[in-house]
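Q: If you scroll down you'll find the structure; I have some questions about it.
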Amino acid sequence: MDMEKQNNLRQFFEKLKDFELEFKEKELESIENIEISNIVKAEDEREIQKLFKCIVNILDKPYLEFYHPEKDKLKTRGVYSVKLGMVNFVLFVDENFENPWLFAQCTNFVDVIITKFSHYRIMPPMYTIVLGKLLELSENLSSNISKIKYDTPFAGFLLNHPRPYHHFYDHLKYAYLFKKDKRLSHISYKTDDASFFIPNTWKEETAKVGVFIYPALIANNFLNPRVNDFVKNLNEEMEKNVSKEVQEYCNLGSEGLNKYDLTLWLGITGQKRSWMEQVDGYINIIKYLLKDFKKINIYIDGMTANEGKKIRNNDDQKIFNEIKKELSEYSQCTLVSLIGEDYRTKINTCAKVDLFIANAGTGCMVPLRFCKKPGVLHSNTKLFTFRDNYPSTVKKNNKKYTIDIVDEDMQRIDFTSYHIPWQHIFNLTVDVLKAIKGTNIKYLDIPKSKEEKNKIFKRLSQKIKPEDKSADILRKIAFVFEESGDIKTACSLMQKAHELKPNGPGIIKKLKEYKASLNS
C-alpha cells in the first residue's frame, strides 16, 4: 500500500476518536441495486428470509464485496475485521482507498454503518455499545494498517460472542442455517476460548486468514416466535442440535439419582436482575418440600463458563454457601453446585432433573429451552427473555406479587432486581408438582404487598366506632393485622384484648386460632 492510500486510511481512523464531531448522523437511502441498502431494509422490515437469501448471494464469493452505501456505482471490498468486546467491525475500501467505510455487527448482521463523513444508526439498541468501542477501534486500525490489503479474502464466520444468549440465539442458530446451504458449505468457522458452545464437527475445521463476520441476521429480541413459525423453528432446531450433541458426546450418566424422590434445578443470580428473596426463598421452599419428599437432590446453577472451561464466581458462590449452610442439618437433601461449569456439563446434568425454578432471563436457558423441563420462572415485571408458547407445566410469577427495584442511574429492565414473596413461587411449584408427580401439597398464604397493607390499615378508621371499648378497639386492630398477614402482632393484640375482656367469646376463639397458627 502506497503512502497516499495509507494517509487516506489514517485520516479516517483518526476521525473515529472524535466520532460525534466528525460524523453526521443520517438516514440511509434505500437504493435497490446496493446490497447493503437491501440488507438494511430487510432488517428494518424484519424480513428474515429475504435477508438470508441476500447475504448468501454475497458470501458465495472469494471476497466480501458491497457497493458503497452512498455511491451506487462504487464497488468496495472488506479488507480487515476485528472483534472488540461484543462488536465485530469490518472495514471496506474501494480499489483506490479513497472512500473507506465500515459496518459494526453486534446482534444483527448490520447494527451501525460509518462512512467517510456520516454514520447510520441501523439497529438503535446496539448503538451505544458500538460507540463505546470506537476509540479502541481507531487505535487497533492504526496499529494494524500494514495488514490491510485489497486482496484480503473473505475467511468465514466468527462464532464467539461474549454473551451466552446472543451466542446461541443471535449467532449459533443462524450458523446452523448457513451451514445447511450447499453454496456456503466451504465456509469455515473461527472460534476461540471465548466461545460458549461449538459443534464438535466444526472444531475440526481450520479457519482461514482474512475477513470474518458474525453469522447474524436479525436479533432474536426483534422477532416473536409466537407468531413467526420460521423463527420458532430456527430456535428449536438449534436447541435440538445442541442437546442431541451434548447427550452423544457428554453422557455423565444418572447413576445414584434413583435414590432421590425429587431432583430440583435452582437458578441463582449474584449480579444484576436478582430475586431479592432467593436465599430465604429457596431455603424455605426446600424445607416445605421435605415434608412430602423424603430425599431431594438439588442442583444450584449460576454463572456459566466458556466451552471446556470452569470458572469461579464469588457472588454466586456466596449465595450457594448461604443456602448450603442453612440446609446442612437436613441430611435428606443433597446440594450440588453447577456454578462456573460450561453449557455441555449443565445441559447434560439438567436432562435428569424433575423441575426447575429459575429467572426468566438467560438463567432459564438450560432447563427451559435446551432440556424442555417443567418448572417455575421468576422475573421483574418487564423482562421475559424467551417469550413463547409453553405447556401448562411451565409457570411464571404473577406481576401483582412483584415489586421492581429500579436503579435510577441504570434504568434498564435487564438490570432491574425484584421482590417476590417466596410463598408465591412455592405455590407455583406446587402446581407443577401436582401435574408431574400427582402430589397434593397444600398452598401457603401469600403475604400482602406494601400497597395492599396500606389499603387495609387505611380502612381501620371506618371500623372503629365512638362507643367501642378498649378491648373492642384492640380486637379490631388485631383483625387488621391478621388481614395484612401479620399473625404474630394480631395474636399479641388479641392477648391484650383478652386481658381486658377475659370472658369475651369472640376474643377467646380468635386467640386460640392465632396461637394454633403460630404453633404450626
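Chain lettering (A, B, ...) mirrors the order of the C-alpha cells, residue numbering begins at 1 for each chain separately, and ligand numbering begins at 1 in order of display.
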Using only C-alpha atoms, which protein or nucleic acid residues come within 6 Å of range 175-192 of chain A? Drop anything in the same chain fewer than 4 positions from it, and give the result as a VMD selection string.
A: chain A and resid 156 to 160 207 215
Q: Run DSSP on the backbone of this structure and report the residues of range 79-288 of chain A it assigns to strand (DSSP E or B), as a ChimeraX atom specification.
A: /A:79-84,87-93,101-105,112-114,118-121,154-158,188-190,211-213,262-267,275
Q: To one decimal place, how far is CA of Phe426 in chain A from CA of Thr334 in chain A in Å?
A: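 A separation of 19.2 Å between them.
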Q: Could you name the residues that touch Phe92 in chain A at 7 Å or less, counting only C-alpha atoms, but leaving out those on the same chain fewer than 6 positions away, as a list in words?
A: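 In the requested format, the answer is Thr76, Arg77, Gly78, Val79, Pro100, Trp101 and Leu102 of chain A.
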Q: Now that the selection is made, can you save its residues with C-alpha atoms as a CSV table (one decimal), in the first residue's frame?
A:
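again-v6.csv, written as the output of this step:
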```csv
chain,number,residue,atom,x,y,z
A,76,THR,CA,-15.8,-1.8,-2.2
A,77,ARG,CA,-14.2,-4.8,-0.5
A,78,GLY,CA,-13.9,-6.0,3.1
A,79,VAL,CA,-10.2,-5.8,3.9
A,100,PRO,CA,-13.2,3.8,3.4
A,101,TRP,CA,-16.2,2.9,5.4
A,102,LEU,CA,-17.1,0.2,7.9
```
Q: So that I can see what lies close to range 221-230 of chain A, please list as a VMD selection string the residues with an atom at most 9 Å from it, counting only C-alpha atoms and leaving out residues fewer than 5 positions away in the same chain.
A: chain A and resid 46 48 to 49 170 235 385 to 389
Q: Based on the selection just made, write N, CA and C atoms of those residues as a PDB file, in the first residue's frame.
A:
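out.pdb, written as the output of this step:
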```pdb
ATOM      1  N   ARG A  46     -37.927  -6.602   9.245  1.00  0.00           N
ATOM      2  CA  ARG A  46     -37.896  -7.913   9.896  1.00  0.00           C
ATOM      3  C   ARG A  46     -38.168  -9.051   8.904  1.00  0.00           C
ATOM      4  N   ILE A  48     -36.716 -11.771   7.593  1.00  0.00           N
ATOM      5  CA  ILE A  48     -35.551 -12.603   7.870  1.00  0.00           C
ATOM      6  C   ILE A  48     -35.184 -13.527   6.705  1.00  0.00           C
ATOM      7  N   GLN A  49     -36.166 -14.088   6.026  1.00  0.00           N
ATOM      8  CA  GLN A  49     -35.867 -14.994   4.910  1.00  0.00           C
ATOM      9  C   GLN A  49     -35.287 -14.245   3.711  1.00  0.00           C
ATOM     10  N   ASP A 170     -28.669 -15.413  18.620  1.00  0.00           N
ATOM     11  CA  ASP A 170     -28.440 -14.426  17.561  1.00  0.00           C
ATOM     12  C   ASP A 170     -27.373 -14.873  16.571  1.00  0.00           C
ATOM     13  N   ASN A 235     -35.064 -21.501  16.242  1.00  0.00           N
ATOM     14  CA  ASN A 235     -34.681 -21.606  17.648  1.00  0.00           C
ATOM     15  C   ASN A 235     -34.714 -23.060  18.119  1.00  0.00           C
ATOM     16  N   THR A 385     -37.223 -13.113  28.698  1.00  0.00           N
ATOM     17  CA  THR A 385     -36.336 -13.261  27.546  1.00  0.00           C
ATOM     18  C   THR A 385     -36.898 -14.213  26.494  1.00  0.00           C
ATOM     19  N   PHE A 386     -37.462 -15.313  26.935  1.00  0.00           N
ATOM     20  CA  PHE A 386     -37.895 -16.347  25.978  1.00  0.00           C
ATOM     21  C   PHE A 386     -39.416 -16.388  25.869  1.00  0.00           C
ATOM     22  N   ARG A 387     -39.978 -15.365  25.286  1.00  0.00           N
ATOM     23  CA  ARG A 387     -41.430 -15.331  25.088  1.00  0.00           C
ATOM     24  C   ARG A 387     -41.806 -16.362  24.029  1.00  0.00           C
ATOM     25  N   ASP A 388     -42.676 -17.267  24.424  1.00  0.00           N
ATOM     26  CA  ASP A 388     -43.074 -18.341  23.513  1.00  0.00           C
ATOM     27  C   ASP A 388     -44.316 -19.002  24.104  1.00  0.00           C
ATOM     28  N   ASN A 389     -44.847 -19.962  23.398  1.00  0.00           N
ATOM     29  CA  ASN A 389     -45.976 -20.728  23.912  1.00  0.00           C
ATOM     30  C   ASN A 389     -45.440 -21.964  24.634  1.00  0.00           C
TER      31      ASN A 389
END
```
Q: If you run DSSP on the backbone, which residues of range 282-519 of chain A are alpha helix (DSSP H), as a tab-separated table (two decimals) with C-alpha atoms, in the first residue's frame?
A:
```
chain	number	residue	atom	x	y	z
A	282	TYR	CA	-35.11	-21.38	48.25
A	283	ILE	CA	-34.32	-22.46	51.81
A	284	ASN	CA	-37.98	-22.28	52.83
A	285	ILE	CA	-39.22	-23.91	49.64
A	286	ILE	CA	-36.87	-26.86	50.18
A	287	LYS	CA	-37.86	-27.18	53.85
A	288	TYR	CA	-41.53	-27.32	52.95
A	289	LEU	CA	-40.93	-29.83	50.14
A	314	ASN	CA	-17.63	-15.19	44.16
A	315	ASP	CA	-21.08	-13.55	44.15
A	316	ASP	CA	-22.84	-16.75	43.11
A	317	GLN	CA	-20.68	-18.87	45.40
A	318	LYS	CA	-21.63	-16.72	48.39
A	319	ILE	CA	-25.33	-17.37	47.72
A	320	PHE	CA	-24.69	-21.11	47.34
A	321	ASN	CA	-22.77	-21.18	50.63
A	322	GLU	CA	-25.60	-19.41	52.49
A	323	ILE	CA	-28.18	-21.91	51.21
A	324	LYS	CA	-25.91	-24.89	51.94
A	325	LYS	CA	-25.15	-23.69	55.49
A	326	GLU	CA	-28.82	-23.27	56.35
A	343	TYR	CA	-23.04	-25.44	28.94
A	344	ARG	CA	-22.27	-29.00	27.93
A	345	THR	CA	-21.99	-30.06	31.57
A	346	LYS	CA	-25.11	-28.15	32.58
A	347	ILE	CA	-27.30	-29.39	29.74
A	348	ASN	CA	-26.31	-32.99	30.37
A	349	THR	CA	-26.97	-32.65	34.11
A	350	CYS	CA	-30.27	-30.83	33.67
A	422	TRP	CA	-41.28	-16.89	48.22
A	423	GLN	CA	-44.69	-18.33	49.12
A	424	HIS	CA	-45.93	-17.37	45.64
A	425	ILE	CA	-43.01	-19.21	44.00
A	426	PHE	CA	-43.70	-22.18	46.28
A	427	ASN	CA	-47.37	-22.29	45.27
A	428	LEU	CA	-46.43	-22.26	41.59
A	429	THR	CA	-44.03	-25.14	42.31
A	430	VAL	CA	-46.90	-26.98	43.99
A	431	ASP	CA	-48.93	-26.61	40.79
A	432	VAL	CA	-46.12	-28.09	38.71
A	433	LEU	CA	-45.55	-30.99	41.14
A	434	LYS	CA	-49.25	-31.82	41.12
A	435	ALA	CA	-49.14	-32.09	37.31
A	436	ILE	CA	-45.93	-34.13	37.01
A	437	LYS	CA	-45.98	-36.24	40.20
A	450	LYS	CA	-46.88	-2.94	50.98
A	451	GLU	CA	-49.58	-1.21	48.93
A	452	GLU	CA	-52.19	-3.81	49.88
A	453	LYS	CA	-51.25	-3.48	53.56
A	454	ASN	CA	-51.55	0.30	53.39
A	455	LYS	CA	-55.08	-0.02	51.96
A	456	ILE	CA	-56.02	-2.43	54.75
A	457	PHE	CA	-54.78	-0.10	57.51
A	458	LYS	CA	-56.42	2.95	55.91
A	460	LEU	CA	-59.20	0.86	60.08
A	461	SER	CA	-60.72	4.27	60.95
A	462	GLN	CA	-64.00	3.22	59.34
A	463	LYS	CA	-64.25	0.14	61.57
A	470	SER	CA	-60.54	-0.57	74.65
A	471	ALA	CA	-60.88	-4.36	74.25
A	472	ASP	CA	-63.07	-3.89	71.16
A	473	ILE	CA	-60.58	-1.45	69.64
A	474	LEU	CA	-57.69	-3.87	70.21
A	475	ARG	CA	-59.74	-6.74	68.74
A	476	LYS	CA	-60.48	-4.76	65.57
A	477	ILE	CA	-56.86	-3.69	65.20
A	478	ALA	CA	-55.85	-7.36	65.60
A	479	PHE	CA	-58.21	-8.24	62.73
A	480	VAL	CA	-56.46	-5.69	60.52
A	481	PHE	CA	-53.04	-7.17	61.29
A	482	GLU	CA	-54.44	-10.63	60.59
A	483	GLU	CA	-55.72	-9.44	57.20
A	484	SER	CA	-52.30	-7.96	56.43
A	487	ILE	CA	-50.46	-13.14	62.76
A	488	LYS	CA	-47.84	-12.59	65.46
A	489	THR	CA	-48.85	-8.96	66.05
A	490	ALA	CA	-52.53	-9.89	65.75
A	491	CYS	CA	-52.05	-12.52	68.49
A	492	SER	CA	-50.30	-10.02	70.81
A	493	LEU	CA	-53.12	-7.50	70.37
A	494	MET	CA	-55.81	-10.14	70.91
A	495	GLN	CA	-53.99	-11.32	74.05
A	496	LYS	CA	-54.18	-7.78	75.42
A	497	ALA	CA	-57.88	-7.59	74.48
A	498	HIS	CA	-58.43	-10.90	76.33
A	499	GLU	CA	-56.79	-9.47	79.46
A	500	LEU	CA	-59.24	-6.52	79.36
A	505	PRO	CA	-66.24	-15.49	73.43
A	506	GLY	CA	-65.13	-13.94	70.11
A	507	ILE	CA	-61.82	-12.87	71.61
A	508	ILE	CA	-61.21	-16.31	73.17
A	509	LYS	CA	-61.98	-18.08	69.87
A	510	LYS	CA	-59.68	-15.85	67.81
A	511	LEU	CA	-56.87	-16.06	70.35
A	512	LYS	CA	-56.94	-19.87	70.10
A	513	GLU	CA	-56.84	-19.65	66.28
A	514	TYR	CA	-53.86	-17.31	66.31
A	515	LYS	CA	-51.89	-19.45	68.77
A	516	ALA	CA	-52.63	-22.63	66.81
A	517	SER	CA	-51.49	-20.93	63.60
A	518	LEU	CA	-48.24	-19.71	65.19
A	519	ASN	CA	-47.52	-23.14	66.70
```
Q: Find the distance between CA of Asp486 in chain A and CA of Ile403 in chain A and write it in Å to one decimal.
A: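 Computed distance, CA of Asp486 in chain A to CA of Ile403 in chain A, equals 19.4 Å.
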Q: Taking only C-alpha atoms into account, which of A:Asn99, A:Ser417, A:Gln6, A:Asn503 comes nearest Asn144 in chain A?
A: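 Of all the options, A:Gln6 lies closest to Asn144 in chain A.
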Q: Would you please work out which residue, of A:Leu383, A:Ile213, A:Phe196, A:Asp261, is nearest to Lys309 in chain A when using only C-alpha atoms?
A: A:Phe196
Q: With only C-alpha atoms as the basis for distance, which of A:Gly438, A:Pro391, A:Gly504, A:Pro164 is at the shortest distance from Asp292 in chain A?
A: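 Among the listed residues, A:Gly438 lies closest to Asp292 in chain A.
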